[in-house]
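Below is work27.cif, which holds mmCIF, C-alpha atoms.
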data_work
loop_
_atom_site.label_atom_id
_atom_site.label_comp_id
_atom_site.auth_asym_id
_atom_site.auth_seq_id
_atom_site.Cartn_x
_atom_site.Cartn_y
_atom_site.Cartn_z
CA GLU F 1 -14.02 -9.36 -42.35
CA THR F 2 -13.55 -9.61 -38.61
CA SER F 3 -16.81 -9.93 -36.72
CA LEU F 4 -17.62 -9.31 -33.11
CA GLY F 5 -20.54 -11.72 -33.51
CA ASN F 6 -24.10 -11.07 -32.42
CA MET F 7 -24.76 -8.09 -30.20
CA GLU F 8 -27.30 -8.72 -27.46
CA GLU F 9 -29.72 -5.97 -26.53
CA THR F 10 -29.08 -5.27 -22.87
CA LEU F 11 -29.39 -2.20 -20.65
CA GLU F 12 -27.24 -1.30 -17.68
CA VAL F 13 -27.80 1.84 -15.61
CA LEU F 14 -24.68 3.34 -14.01
CA ALA F 15 -25.05 5.08 -10.67
CA PRO F 16 -23.26 8.47 -10.42
CA LYS F 17 -20.15 6.95 -8.78
CA GLU F 18 -20.00 4.13 -11.37
CA ASN F 19 -20.41 6.67 -14.15
CA GLU F 20 -17.53 8.72 -12.73
CA GLU F 21 -15.33 5.60 -12.64
CA PHE F 22 -16.29 4.75 -16.23
CA ASN F 23 -15.52 8.24 -17.51
CA ARG F 24 -12.19 8.24 -15.71
CA SER F 25 -11.15 4.89 -17.21
CA VAL F 26 -12.02 5.77 -20.81
CA GLY F 27 -11.05 9.43 -20.56
CA GLY F 28 -7.53 8.65 -19.42
CA ARG F 29 -7.43 11.66 -17.08
CA TYR F 30 -8.45 12.43 -13.52
CA GLY F 31 -7.71 14.84 -10.69
CA GLY F 32 -5.23 13.31 -8.26
CA VAL F 33 -1.57 12.65 -7.51
CA GLY F 34 -0.63 9.99 -10.08
CA MET F 35 -0.23 6.64 -8.31
CA LEU F 36 -1.56 3.22 -9.30
CA LEU F 37 -2.41 1.36 -6.09
CA GLU F 38 -2.84 -2.33 -5.34
CA GLU F 39 -3.94 -4.37 -2.35
CA GLN F 40 -1.49 -6.73 -0.67
CA LYS F 41 -2.72 -9.19 1.91
CA LYS F 42 -0.40 -10.08 4.78
CA GLY F 43 -1.83 -12.62 7.19
CA ALA F 44 -5.19 -11.28 8.33
CA GLY F 45 -4.36 -7.69 7.37
CA THR F 46 -4.41 -5.73 4.12
CA SER F 47 -1.96 -3.10 2.92
CA ILE F 48 -2.29 -0.59 0.08
CA VAL F 49 0.96 -0.21 -1.85
CA VAL F 50 2.11 1.83 -4.82
CA ALA F 51 2.27 -0.40 -7.90
CA ARG F 52 3.24 2.35 -10.36
CA VAL F 53 4.01 6.05 -10.38
CA PHE F 54 2.75 7.85 -13.46
CA PRO F 55 5.22 10.18 -15.20
CA ASN F 56 5.02 13.97 -14.87
CA THR F 57 2.71 13.85 -11.85
CA PRO F 58 2.79 15.20 -8.28
CA ALA F 59 3.64 11.69 -7.06
CA GLU F 60 6.71 11.48 -9.29
CA GLU F 61 7.79 15.00 -8.38
CA GLY F 62 7.36 14.19 -4.67
CA GLY F 63 9.64 11.16 -4.92
CA VAL F 64 7.07 8.40 -4.38
CA GLN F 65 8.55 4.97 -5.10
CA GLU F 66 7.00 1.74 -6.27
CA GLY F 67 6.50 -0.49 -3.24
CA ASP F 68 5.79 2.39 -0.85
CA ARG F 69 3.03 1.39 1.57
CA LEU F 70 0.33 3.94 2.40
CA VAL F 71 -0.14 4.53 6.12
CA ARG F 72 -2.48 7.54 6.18
CA VAL F 73 -4.24 9.88 3.73
CA ASP F 74 -4.97 13.17 5.50
CA THR F 75 -6.65 11.91 8.71
CA MET F 76 -7.83 8.56 7.28
CA PRO F 77 -5.81 5.43 8.15
CA ALA F 78 -4.83 3.50 5.01
CA THR F 79 -4.29 0.09 6.62
CA ASP F 80 -6.98 -2.61 6.61
CA VAL F 81 -9.36 -0.43 4.59
CA LYS F 82 -10.87 -0.93 1.15
CA ILE F 83 -8.66 0.27 -1.68
CA ASP F 84 -11.57 2.26 -3.15
CA LEU F 85 -11.71 4.43 -0.03
CA VAL F 86 -7.99 5.20 -0.29
CA SER F 87 -8.27 6.00 -4.02
CA ASP F 88 -11.26 8.27 -3.40
CA ALA F 89 -9.36 10.12 -0.67
CA LEU F 90 -6.39 10.73 -2.99
CA ARG F 91 -8.47 11.98 -5.90
CA GLY F 92 -9.94 15.47 -5.93
CA VAL F 93 -10.11 18.84 -7.59
CA PRO F 94 -6.82 19.86 -9.25
CA GLY F 95 -5.09 22.51 -7.16
CA THR F 96 -6.27 21.17 -3.81
CA ARG F 97 -3.80 19.56 -1.41
CA VAL F 98 -3.61 16.15 0.24
CA ASN F 99 -1.19 14.85 2.88
CA VAL F 100 0.00 11.25 2.65
CA VAL F 101 2.17 9.19 5.02
CA PHE F 102 4.10 6.25 3.54
CA ALA F 103 6.16 3.41 4.96
CA ARG F 104 9.22 2.68 2.80
CA ALA F 105 11.43 -0.40 2.88
CA GLY F 106 14.82 0.37 4.40
CA VAL F 107 13.63 3.66 5.89
CA ASN F 108 12.91 3.66 9.63
CA GLU F 109 10.93 6.90 9.83
CA PRO F 110 7.57 7.39 8.05
CA VAL F 111 7.80 9.34 4.79
CA LYS F 112 5.45 12.34 5.03
CA LEU F 113 4.56 14.10 1.76
CA GLN F 114 2.12 16.81 0.78
CA PHE F 115 0.81 16.81 -2.80
CA LYS F 116 -0.95 19.46 -4.81
CA ARG F 117 -3.47 17.54 -6.90
CA ALA F 118 -3.22 17.95 -10.67
CA VAL F 119 -4.83 16.61 -13.83
CA VAL F 120 -3.21 13.18 -14.17
CA HIS F 121 -2.77 11.63 -17.58
CA VAL F 122 -2.98 7.83 -17.36
CA PRO F 123 -0.69 6.50 -20.11
CA ALA F 124 -2.10 3.84 -22.41
CA VAL F 125 1.50 3.06 -23.40
CA PRO F 126 3.56 3.33 -20.19
CA TYR F 127 6.85 3.00 -22.09
CA ALA F 128 8.33 1.69 -25.34
CA THR F 129 11.71 0.06 -25.63
CA MET F 130 14.06 -1.90 -27.87
CA VAL F 131 14.61 -5.57 -27.02
CA GLY F 132 16.76 -8.29 -28.57
CA ASP F 133 18.08 -7.65 -32.06
CA ARG F 134 16.45 -4.28 -32.77
CA ILE F 135 12.88 -5.36 -31.98
CA GLY F 136 10.60 -2.61 -30.70
CA TYR F 137 8.31 -3.50 -27.81
CA ILE F 138 5.08 -1.56 -27.10
CA PRO F 139 2.96 -2.60 -24.08
CA LEU F 140 -0.58 -1.30 -24.64
CA GLN F 141 -2.62 -1.36 -21.42
CA THR F 142 -5.97 0.18 -22.34
CA PHE F 143 -7.94 1.95 -25.06
CA ASN F 144 -8.60 5.42 -23.65
CA GLU F 145 -8.79 8.76 -25.44
CA ASN F 146 -5.00 8.92 -25.85
CA THR F 147 -4.31 5.39 -27.11
CA ALA F 148 -3.89 5.78 -30.88
CA GLU F 149 -1.76 8.90 -30.48
CA GLU F 150 0.52 7.15 -27.98
CA VAL F 151 0.87 4.00 -30.11
CA GLU F 152 1.71 6.07 -33.19
CA GLU F 153 4.28 8.11 -31.27
CA ALA F 154 5.89 4.99 -29.75
CA ALA F 155 6.01 3.06 -33.04
CA SER F 156 7.40 6.02 -34.99
CA LYS F 157 10.15 6.58 -32.42
CA LEU F 158 11.11 2.90 -32.37
CA VAL F 159 11.33 2.78 -36.17
CA ALA F 160 13.39 5.99 -36.19
CA ASP F 161 15.72 4.37 -33.63
CA GLY F 162 16.27 1.41 -35.98
CA ALA F 163 13.61 -1.14 -35.00
CA ARG F 164 13.29 -3.78 -37.74
CA GLY F 165 10.07 -5.15 -36.24
CA ILE F 166 7.53 -4.31 -33.51
CA VAL F 167 5.83 -6.38 -30.82
CA LEU F 168 2.46 -4.95 -29.71
CA ASP F 169 1.61 -6.43 -26.31
CA LEU F 170 -2.16 -6.64 -25.72
CA ARG F 171 -1.99 -9.10 -22.82
CA ASP F 172 -4.38 -8.17 -20.00
CA ASN F 173 -5.75 -5.27 -22.05
CA GLY F 174 -9.48 -5.40 -21.35
CA GLY F 175 -10.39 -2.89 -24.06
CA GLY F 176 -12.06 0.50 -23.93
CA ILE F 177 -13.06 2.99 -26.62
CA VAL F 178 -13.89 1.24 -29.91
CA ASP F 179 -12.96 4.29 -32.01
CA GLN F 180 -9.44 4.10 -30.57
CA ALA F 181 -9.23 0.42 -31.52
CA LEU F 182 -10.17 1.39 -35.07
CA ALA F 183 -7.54 4.13 -35.09
CA VAL F 184 -4.82 1.79 -33.80
CA SER F 185 -5.75 -0.81 -36.40
CA SER F 186 -5.64 1.84 -39.13
CA LEU F 187 -2.05 2.67 -38.23
CA PHE F 188 -0.95 -0.75 -39.51
CA LEU F 189 -3.51 -1.47 -42.26
CA LYS F 190 -4.18 -0.15 -45.75
CA GLU F 191 -6.85 2.49 -46.25
CA GLY F 192 -10.27 0.92 -46.78
CA GLN F 193 -9.48 -2.48 -45.32
CA SER F 194 -12.26 -3.78 -43.06
CA ILE F 195 -11.53 -3.76 -39.35
CA VAL F 196 -14.72 -4.97 -37.68
CA SER F 197 -18.37 -5.58 -38.44
CA VAL F 198 -21.12 -5.13 -35.88
CA ARG F 199 -24.32 -7.07 -36.43
CA SER F 200 -27.51 -5.77 -34.85
CA ARG F 201 -30.93 -7.38 -34.61
CA ASN F 202 -32.97 -4.52 -36.08
CA ALA F 203 -30.44 -2.56 -38.13
CA GLN F 204 -28.06 -3.03 -41.02
CA ASP F 205 -24.60 -4.38 -40.34
CA GLU F 206 -22.01 -1.70 -39.66
CA VAL F 207 -18.55 -2.20 -41.15
CA ALA F 208 -15.68 -0.04 -39.92
CA ARG F 209 -12.75 0.39 -42.30
CA ALA F 210 -9.20 1.64 -41.98
CA THR F 211 -8.70 5.36 -42.51
CA SER F 212 -5.81 7.07 -44.27
CA ASP F 213 -3.96 7.65 -40.97
CA GLN F 214 -1.25 5.00 -41.37
CA LEU F 215 2.28 4.90 -40.03
CA ILE F 216 4.75 6.21 -42.60
CA ALA F 217 6.97 3.15 -42.03
CA GLN F 218 5.33 -0.28 -41.80
CA PRO F 219 7.64 -2.71 -39.96
CA PRO F 220 6.77 -6.39 -39.44
CA LEU F 221 4.41 -6.79 -36.48
CA ASP F 222 3.70 -9.39 -33.78
CA VAL F 223 0.76 -9.12 -31.37
CA LEU F 224 0.80 -10.78 -27.94
CA THR F 225 -2.54 -11.91 -26.44
CA ASP F 226 -3.84 -13.88 -23.47
CA GLY F 227 -7.09 -14.58 -21.66
CA GLY F 228 -7.24 -10.98 -20.47
CA THR F 229 -7.16 -9.62 -24.03
CA ALA F 230 -10.75 -8.49 -24.56
CA SER F 231 -13.14 -6.26 -26.47
CA ALA F 232 -11.32 -3.41 -28.25
CA SER F 233 -8.07 -5.38 -27.97
CA GLU F 234 -9.69 -8.28 -29.82
CA ILE F 235 -10.79 -5.94 -32.60
CA VAL F 236 -7.17 -4.90 -33.16
CA ALA F 237 -5.70 -8.40 -32.89
CA GLY F 238 -8.40 -9.90 -35.10
CA ALA F 239 -8.16 -7.27 -37.84
CA LEU F 240 -4.36 -7.40 -38.01
CA GLN F 241 -4.50 -11.21 -38.10
CA ASP F 242 -7.24 -11.45 -40.74
CA HIS F 243 -5.36 -9.16 -43.12
CA ASP F 244 -2.08 -11.04 -42.52
CA ARG F 245 -0.58 -7.84 -41.18
CA ALA F 246 0.55 -9.36 -37.90
CA LEU F 247 1.37 -12.71 -36.34
CA VAL F 248 -0.70 -13.21 -33.20
CA VAL F 249 1.14 -15.09 -30.45
CA GLY F 250 -0.09 -16.22 -27.05
CA THR F 251 -3.10 -17.92 -25.55
CA THR F 252 -6.83 -17.84 -26.34
CA ARG F 253 -8.34 -14.39 -25.96
CA PHE F 254 -11.28 -13.51 -23.72
CA GLY F 255 -13.86 -13.76 -26.52
CA LYS F 256 -16.08 -10.72 -26.02
CA GLY F 257 -18.83 -10.17 -28.59
CA LEU F 258 -20.59 -7.05 -27.33
CA VAL F 259 -20.47 -3.35 -28.14
CA GLN F 260 -21.86 -0.76 -25.72
CA SER F 261 -23.04 2.79 -26.26
CA LEU F 262 -23.36 5.35 -23.48
CA PHE F 263 -26.37 7.64 -23.07
CA PRO F 264 -26.43 10.31 -20.31
CA LEU F 265 -29.60 10.52 -18.21
CA ASP F 266 -30.80 13.74 -16.59
CA GLY F 267 -30.69 13.66 -12.80
#
Rewrite the coordinates I just gave you, this time as structure tokens.
Amino acid sequence: ETSLGNMEETLEVLAPKENEEFNRSVGGRYGGVGMLLEEQKKGAGTSIVVARVFPNTPAEEGGVQEGDRLVRVDTMPATDVKIDLVSDALRGVPGTRVNVVFARAGVNEPVKLQFKRAVVHVPAVPYATMVGDRIGYIPLQTFNENTAEEVEEAASKLVADGARGIVLDLRDNGGGIVDQALAVSSLFLKEGQSIVSVRSRNAQDEVARATSDQLIAQPPLDVLTDGGTASASEIVAGALQDHDRALVVGTTRFGKGLVQSLFPLDG
């Protein structure tokens, strides 16, 4: 059985803003325009640029391109400011509008766009493709509420397209919802096989086992890991390795041994 080790009893209280960020990351949805932003430092200054444009979002429909640099969000300058402030200004209630000015390489004039905010679905699997000699490649970025469904859909399509093996890329996947890790593991294991055991100080060990929700086809599987592979990702990699279902390739994983539960507090 794969074990997460000993769980320490700790308590962390999330402030309202932190709780909102947490719910957004694990929920996989938020109200906004659909851009992943990153900071780029140039000399003494800082720019906020578009790292990715999520599919089927106002940003994609408006023609935003990766590499676009944000100049202004409504009346707020977007240069030499914290990225959190820019993200907060872009997010909002679906249906409301936000004006954004971009600077684009090769374009002399500023690009001025108005977006109508929508519910944005953050993909756990941004794409799936065939590489080499009919090898399916699935990059899995996080374990949010959509993860198992997206992995199943991607793997099934790759197999239908003729993939004779699949690479599941868990590099830099810091984890997320444990139930989704169990569901992803179940896709590739046999019903009843152990996935993870959680050991508590004052309670019986809990052992999670694979459900009956397996992929119809079961191609050979490789899993890629690195130092950023943590938590829920380690559950998947460890379970598939322990049952000889997958070959794990890469560098030493993060090594997280904790499980958290969330309890809402009034006020």
Care to translate the PyMOL selection byres ((chain F and resi 55-63) around 10) into actual residues of this file, as a PDB file with C-alpha atoms, keeping the file's coordinate frame?
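In the end it all went to out20.pdb:
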ATOM      1  CA  GLY F  32      -5.230  13.310  -8.260  1.00  0.00           C
ATOM      2  CA  VAL F  33      -1.570  12.650  -7.510  1.00  0.00           C
ATOM      3  CA  GLY F  34      -0.630   9.990 -10.080  1.00  0.00           C
ATOM      4  CA  MET F  35      -0.230   6.640  -8.310  1.00  0.00           C
ATOM      5  CA  ARG F  52       3.240   2.350 -10.360  1.00  0.00           C
ATOM      6  CA  VAL F  53       4.010   6.050 -10.380  1.00  0.00           C
ATOM      7  CA  PHE F  54       2.750   7.850 -13.460  1.00  0.00           C
ATOM      8  CA  VAL F  64       7.070   8.400  -4.380  1.00  0.00           C
ATOM      9  CA  GLN F  65       8.550   4.970  -5.100  1.00  0.00           C
ATOM     10  CA  GLU F  66       7.000   1.740  -6.270  1.00  0.00           C
ATOM     11  CA  LEU F 113       4.560  14.100   1.760  1.00  0.00           C
ATOM     12  CA  GLN F 114       2.120  16.810   0.780  1.00  0.00           C
ATOM     13  CA  PHE F 115       0.810  16.810  -2.800  1.00  0.00           C
ATOM     14  CA  LYS F 116      -0.950  19.460  -4.810  1.00  0.00           C
ATOM     15  CA  ARG F 117      -3.470  17.540  -6.900  1.00  0.00           C
ATOM     16  CA  ALA F 118      -3.220  17.950 -10.670  1.00  0.00           C
ATOM     17  CA  VAL F 119      -4.830  16.610 -13.830  1.00  0.00           C
ATOM     18  CA  VAL F 120      -3.210  13.180 -14.170  1.00  0.00           C
ATOM     19  CA  HIS F 121      -2.770  11.630 -17.580  1.00  0.00           C
ATOM     20  CA  VAL F 122      -2.980   7.830 -17.360  1.00  0.00           C
ATOM     21  CA  PRO F 123      -0.690   6.500 -20.110  1.00  0.00           C
ATOM     22  CA  PRO F 126       3.560   3.330 -20.190  1.00  0.00           C
TER      23      PRO F 126
END
Exercise for the section: Name the residues that the PyMOL selection byres ((chain F and resi 185) around 9) pulls out of this structure, and write them as an NGL selection string. Expected result: :F and (148 or 180-184 or 186-189 or 195 or 210 or 214 or 235-237 or 239-240)
Put those residues in a file: C-alpha atoms, as a PDB file, in the frame of the given file.
ATOM      1  CA  ALA F 148      -3.890   5.780 -30.880  1.00  0.00           C
ATOM      2  CA  GLN F 180      -9.440   4.100 -30.570  1.00  0.00           C
ATOM      3  CA  ALA F 181      -9.230   0.420 -31.520  1.00  0.00           C
ATOM      4  CA  LEU F 182     -10.170   1.390 -35.070  1.00  0.00           C
ATOM      5  CA  ALA F 183      -7.540   4.130 -35.090  1.00  0.00           C
ATOM      6  CA  VAL F 184      -4.820   1.790 -33.800  1.00  0.00           C
ATOM      7  CA  SER F 186      -5.640   1.840 -39.130  1.00  0.00           C
ATOM      8  CA  LEU F 187      -2.050   2.670 -38.230  1.00  0.00           C
ATOM      9  CA  PHE F 188      -0.950  -0.750 -39.510  1.00  0.00           C
ATOM     10  CA  LEU F 189      -3.510  -1.470 -42.260  1.00  0.00           C
ATOM     11  CA  ILE F 195     -11.530  -3.760 -39.350  1.00  0.00           C
ATOM     12  CA  ALA F 210      -9.200   1.640 -41.980  1.00  0.00           C
ATOM     13  CA  GLN F 214      -1.250   5.000 -41.370  1.00  0.00           C
ATOM     14  CA  ILE F 235     -10.790  -5.940 -32.600  1.00  0.00           C
ATOM     15  CA  VAL F 236      -7.170  -4.900 -33.160  1.00  0.00           C
ATOM     16  CA  ALA F 237      -5.700  -8.400 -32.890  1.00  0.00           C
ATOM     17  CA  ALA F 239      -8.160  -7.270 -37.840  1.00  0.00           C
ATOM     18  CA  LEU F 240      -4.360  -7.400 -38.010  1.00  0.00           C
TER      19      LEU F 240
END
- [ ] Using all atoms listed in the file, give me every residue within 12 Å of (7.4, 3.9, 9.8) in file coordinates, as a PyMOL selection string.
- [x] chain F and resi 68-72+101-112
Given the PyMOL selection byres ((chain F and resi 128) around 9), the residues it picks as a PyMOL selection string: chain F and resi 125-127+129-130+136-139+154-155+157-158
How would the residues just chosen look if you wrote them out with C-alpha atoms as a PDB file, in the coordinates of the input?
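Saved as selection32.pdb:
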ATOM      1  CA  VAL F 125       1.500   3.060 -23.400  1.00  0.00           C
ATOM      2  CA  PRO F 126       3.560   3.330 -20.190  1.00  0.00           C
ATOM      3  CA  TYR F 127       6.850   3.000 -22.090  1.00  0.00           C
ATOM      4  CA  THR F 129      11.710   0.060 -25.630  1.00  0.00           C
ATOM      5  CA  MET F 130      14.060  -1.900 -27.870  1.00  0.00           C
ATOM      6  CA  GLY F 136      10.600  -2.610 -30.700  1.00  0.00           C
ATOM      7  CA  TYR F 137       8.310  -3.500 -27.810  1.00  0.00           C
ATOM      8  CA  ILE F 138       5.080  -1.560 -27.100  1.00  0.00           C
ATOM      9  CA  PRO F 139       2.960  -2.600 -24.080  1.00  0.00           C
ATOM     10  CA  ALA F 154       5.890   4.990 -29.750  1.00  0.00           C
ATOM     11  CA  ALA F 155       6.010   3.060 -33.040  1.00  0.00           C
ATOM     12  CA  LYS F 157      10.150   6.580 -32.420  1.00  0.00           C
ATOM     13  CA  LEU F 158      11.110   2.900 -32.370  1.00  0.00           C
TER      14      LEU F 158
END
Exercise for the section: Find the distance between CA of Leu224 (chain F) and CA of Val50 (chain F) and write it in Å to one decimal. Expected result: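 Distance between the two atoms: 26.4 Å.
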Counting only C-alpha atoms, the residue among F:Val73, F:Val151, F:Ile166, F:Ile216 that lies closest to Arg134 (chain F) is F:Ile166
message: I'd like the interatomic distance between CA of Leu168 (chain F) and CA of Ser156 (chain F), to a tenth of an Å.
response: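 So the two atoms, CA of Leu168 (chain F) and CA of Ser156 (chain F), lie 13.1 Å apart.
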Local residues around (2.9, -8.1, -36.4), at most 9 Å away, using all atoms listed in the file, as a list in words
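Here is the list of nearby residues: Gly165, Ile166, Val167, Leu168, Phe188, Pro219, Pro220, Leu221, Asp222, Val223, Leu240, Gln241, Asp244, Arg245, Ala246, Leu247 and Val248 of chain F.
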Point out the residue among F:Gln40, F:Gln141, F:Asn19, F:Gln260 with the least atom-to-atom distance to Ser200 (chain F), counting only C-alpha atoms.
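Looking only at the distances to Ser200 (chain F), the closest residue turns out to be F:Gln260.
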Restricting to all atoms listed in the file, whichever of F:Gln218, F:Asn144, F:Thr225, F:Ser231 is closest to Gly250 (chain F) is F:Thr225
In Å and to one decimal, CA of Leu11 (chain F) is distant from CA of Asp84 (chain F) by 25.4 Å
Region 192-200 of chain F, all listed atoms, 8 Å padding on each side: what axis-aligned box centre and edge lengths in Å to one decimal come out, as AutoDock Vina command-line options?
--center_x -18.5 --center_y -3.1 --center_z -40.8 --size_x 34.0 --size_y 24.0 --size_z 27.9
* To do: For Gly45 (chain F), work out the shell of residues within 6 Å, counting all atoms listed in the file and skipping chain neighbours fewer than 3 positions away, then give it as a VMD selection string.
  => chain F and resid 41 to 42 80
Point out the residue among F:Ala203, F:Gly267, F:Arg171, F:Gly176 with the least atom-to-atom distance to Arg253 (chain F), counting all atoms listed in the file.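 The shortest atom-to-atom distance to Arg253 (chain F) comes from F:Arg171.
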Give the answer as one residue: which of F:Glu149, F:Glu234, F:Asp88, F:Glu191 has the shortest atom-to-atom distance to Gly31 (chain F), using all atoms listed in the file?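 Selected residue with least distance to Gly31 (chain F): F:Asp88.
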Residue with the minimum atom-to-atom distance to Thr252 (chain F), picked from F:Gly95, F:Gly228, F:Gly162, F:Pro264 with all atoms listed in the file counted, is F:Gly228
As a PDB file, in the coordinates of the input, could you write out region 129-137 of chain F once it has been completed with all heavy atoms?
ATOM      1  N   THR F 129      10.282   0.323 -25.730  1.00  0.00           N
ATOM      2  CA  THR F 129      11.710   0.060 -25.630  1.00  0.00           C
ATOM      3  C   THR F 129      12.165  -0.890 -26.732  1.00  0.00           C
ATOM      4  O   THR F 129      11.344  -1.535 -27.385  1.00  0.00           O
ATOM      5  CB  THR F 129      12.050  -0.520 -24.249  1.00  0.00           C
ATOM      6  OG1 THR F 129      13.465  -0.608 -24.086  1.00  0.00           O
ATOM      7  CG2 THR F 129      11.453  -1.910 -24.073  1.00  0.00           C
ATOM      8  N   MET F 130      13.468  -0.975 -26.913  1.00  0.00           N
ATOM      9  CA  MET F 130      14.060  -1.900 -27.870  1.00  0.00           C
ATOM     10  C   MET F 130      14.520  -3.143 -27.113  1.00  0.00           C
ATOM     11  O   MET F 130      15.156  -3.046 -26.064  1.00  0.00           O
ATOM     12  CB  MET F 130      15.256  -1.242 -28.570  1.00  0.00           C
ATOM     13  CG  MET F 130      15.558  -1.820 -29.938  1.00  0.00           C
ATOM     14  SD  MET F 130      14.481  -1.159 -31.224  1.00  0.00           S
ATOM     15  CE  MET F 130      15.187   0.473 -31.477  1.00  0.00           C
ATOM     16  N   VAL F 131      14.184  -4.315 -27.637  1.00  0.00           N
ATOM     17  CA  VAL F 131      14.610  -5.570 -27.020  1.00  0.00           C
ATOM     18  C   VAL F 131      15.264  -6.449 -28.086  1.00  0.00           C
ATOM     19  O   VAL F 131      14.988  -6.317 -29.279  1.00  0.00           O
ATOM     20  CB  VAL F 131      13.421  -6.329 -26.381  1.00  0.00           C
ATOM     21  CG1 VAL F 131      12.814  -5.528 -25.255  1.00  0.00           C
ATOM     22  CG2 VAL F 131      12.366  -6.656 -27.425  1.00  0.00           C
ATOM     23  N   GLY F 132      16.140  -7.340 -27.640  1.00  0.00           N
ATOM     24  CA  GLY F 132      16.760  -8.290 -28.570  1.00  0.00           C
ATOM     25  C   GLY F 132      17.497  -7.591 -29.694  1.00  0.00           C
ATOM     26  O   GLY F 132      18.138  -6.558 -29.515  1.00  0.00           O
ATOM     27  N   ASP F 133      17.390  -8.165 -30.879  1.00  0.00           N
ATOM     28  CA  ASP F 133      18.080  -7.650 -32.060  1.00  0.00           C
ATOM     29  C   ASP F 133      17.217  -6.615 -32.766  1.00  0.00           C
ATOM     30  O   ASP F 133      16.567  -6.896 -33.765  1.00  0.00           O
ATOM     31  CB  ASP F 133      18.430  -8.810 -33.004  1.00  0.00           C
ATOM     32  CG  ASP F 133      19.253  -8.343 -34.212  1.00  0.00           C
ATOM     33  OD1 ASP F 133      19.786  -7.214 -34.159  1.00  0.00           O
ATOM     34  OD2 ASP F 133      19.342  -9.102 -35.189  1.00  0.00           O
ATOM     35  N   ARG F 134      17.177  -5.411 -32.190  1.00  0.00           N
ATOM     36  CA  ARG F 134      16.450  -4.280 -32.770  1.00  0.00           C
ATOM     37  C   ARG F 134      14.966  -4.595 -32.993  1.00  0.00           C
ATOM     38  O   ARG F 134      14.415  -4.356 -34.052  1.00  0.00           O
ATOM     39  CB  ARG F 134      17.108  -3.831 -34.078  1.00  0.00           C
ATOM     40  CG  ARG F 134      18.485  -3.213 -33.871  1.00  0.00           C
ATOM     41  CD  ARG F 134      19.037  -2.608 -35.150  1.00  0.00           C
ATOM     42  NE  ARG F 134      19.299  -3.627 -36.157  1.00  0.00           N
ATOM     43  CZ  ARG F 134      18.781  -3.615 -37.380  1.00  0.00           C
ATOM     44  NH1 ARG F 134      17.996  -2.636 -37.756  1.00  0.00           N
ATOM     45  NH2 ARG F 134      19.067  -4.567 -38.243  1.00  0.00           N
ATOM     46  N   ILE F 135      14.329  -5.127 -31.950  1.00  0.00           N
ATOM     47  CA  ILE F 135      12.880  -5.360 -31.980  1.00  0.00           C
ATOM     48  C   ILE F 135      12.232  -4.359 -31.025  1.00  0.00           C
ATOM     49  O   ILE F 135      12.569  -4.300 -29.843  1.00  0.00           O
ATOM     50  CB  ILE F 135      12.523  -6.795 -31.544  1.00  0.00           C
ATOM     51  CG1 ILE F 135      13.189  -7.807 -32.467  1.00  0.00           C
ATOM     52  CG2 ILE F 135      11.007  -6.984 -31.531  1.00  0.00           C
ATOM     53  CD1 ILE F 135      12.781  -7.701 -33.918  1.00  0.00           C
ATOM     54  N   GLY F 136      11.310  -3.571 -31.530  1.00  0.00           N
ATOM     55  CA  GLY F 136      10.600  -2.610 -30.700  1.00  0.00           C
ATOM     56  C   GLY F 136       9.475  -3.281 -29.929  1.00  0.00           C
ATOM     57  O   GLY F 136       8.764  -4.128 -30.474  1.00  0.00           O
ATOM     58  N   TYR F 137       9.325  -2.901 -28.669  1.00  0.00           N
ATOM     59  CA  TYR F 137       8.310  -3.500 -27.810  1.00  0.00           C
ATOM     60  C   TYR F 137       7.387  -2.392 -27.285  1.00  0.00           C
ATOM     61  O   TYR F 137       7.851  -1.420 -26.683  1.00  0.00           O
ATOM     62  CB  TYR F 137       8.965  -4.230 -26.645  1.00  0.00           C
ATOM     63  CG  TYR F 137       7.989  -4.749 -25.605  1.00  0.00           C
ATOM     64  CD1 TYR F 137       7.184  -5.846 -25.865  1.00  0.00           C
ATOM     65  CD2 TYR F 137       7.876  -4.119 -24.361  1.00  0.00           C
ATOM     66  CE1 TYR F 137       6.290  -6.320 -24.914  1.00  0.00           C
ATOM     67  CE2 TYR F 137       6.994  -4.588 -23.409  1.00  0.00           C
ATOM     68  CZ  TYR F 137       6.201  -5.690 -23.691  1.00  0.00           C
ATOM     69  OH  TYR F 137       5.316  -6.141 -22.755  1.00  0.00           O
TER      70      TYR F 137
END
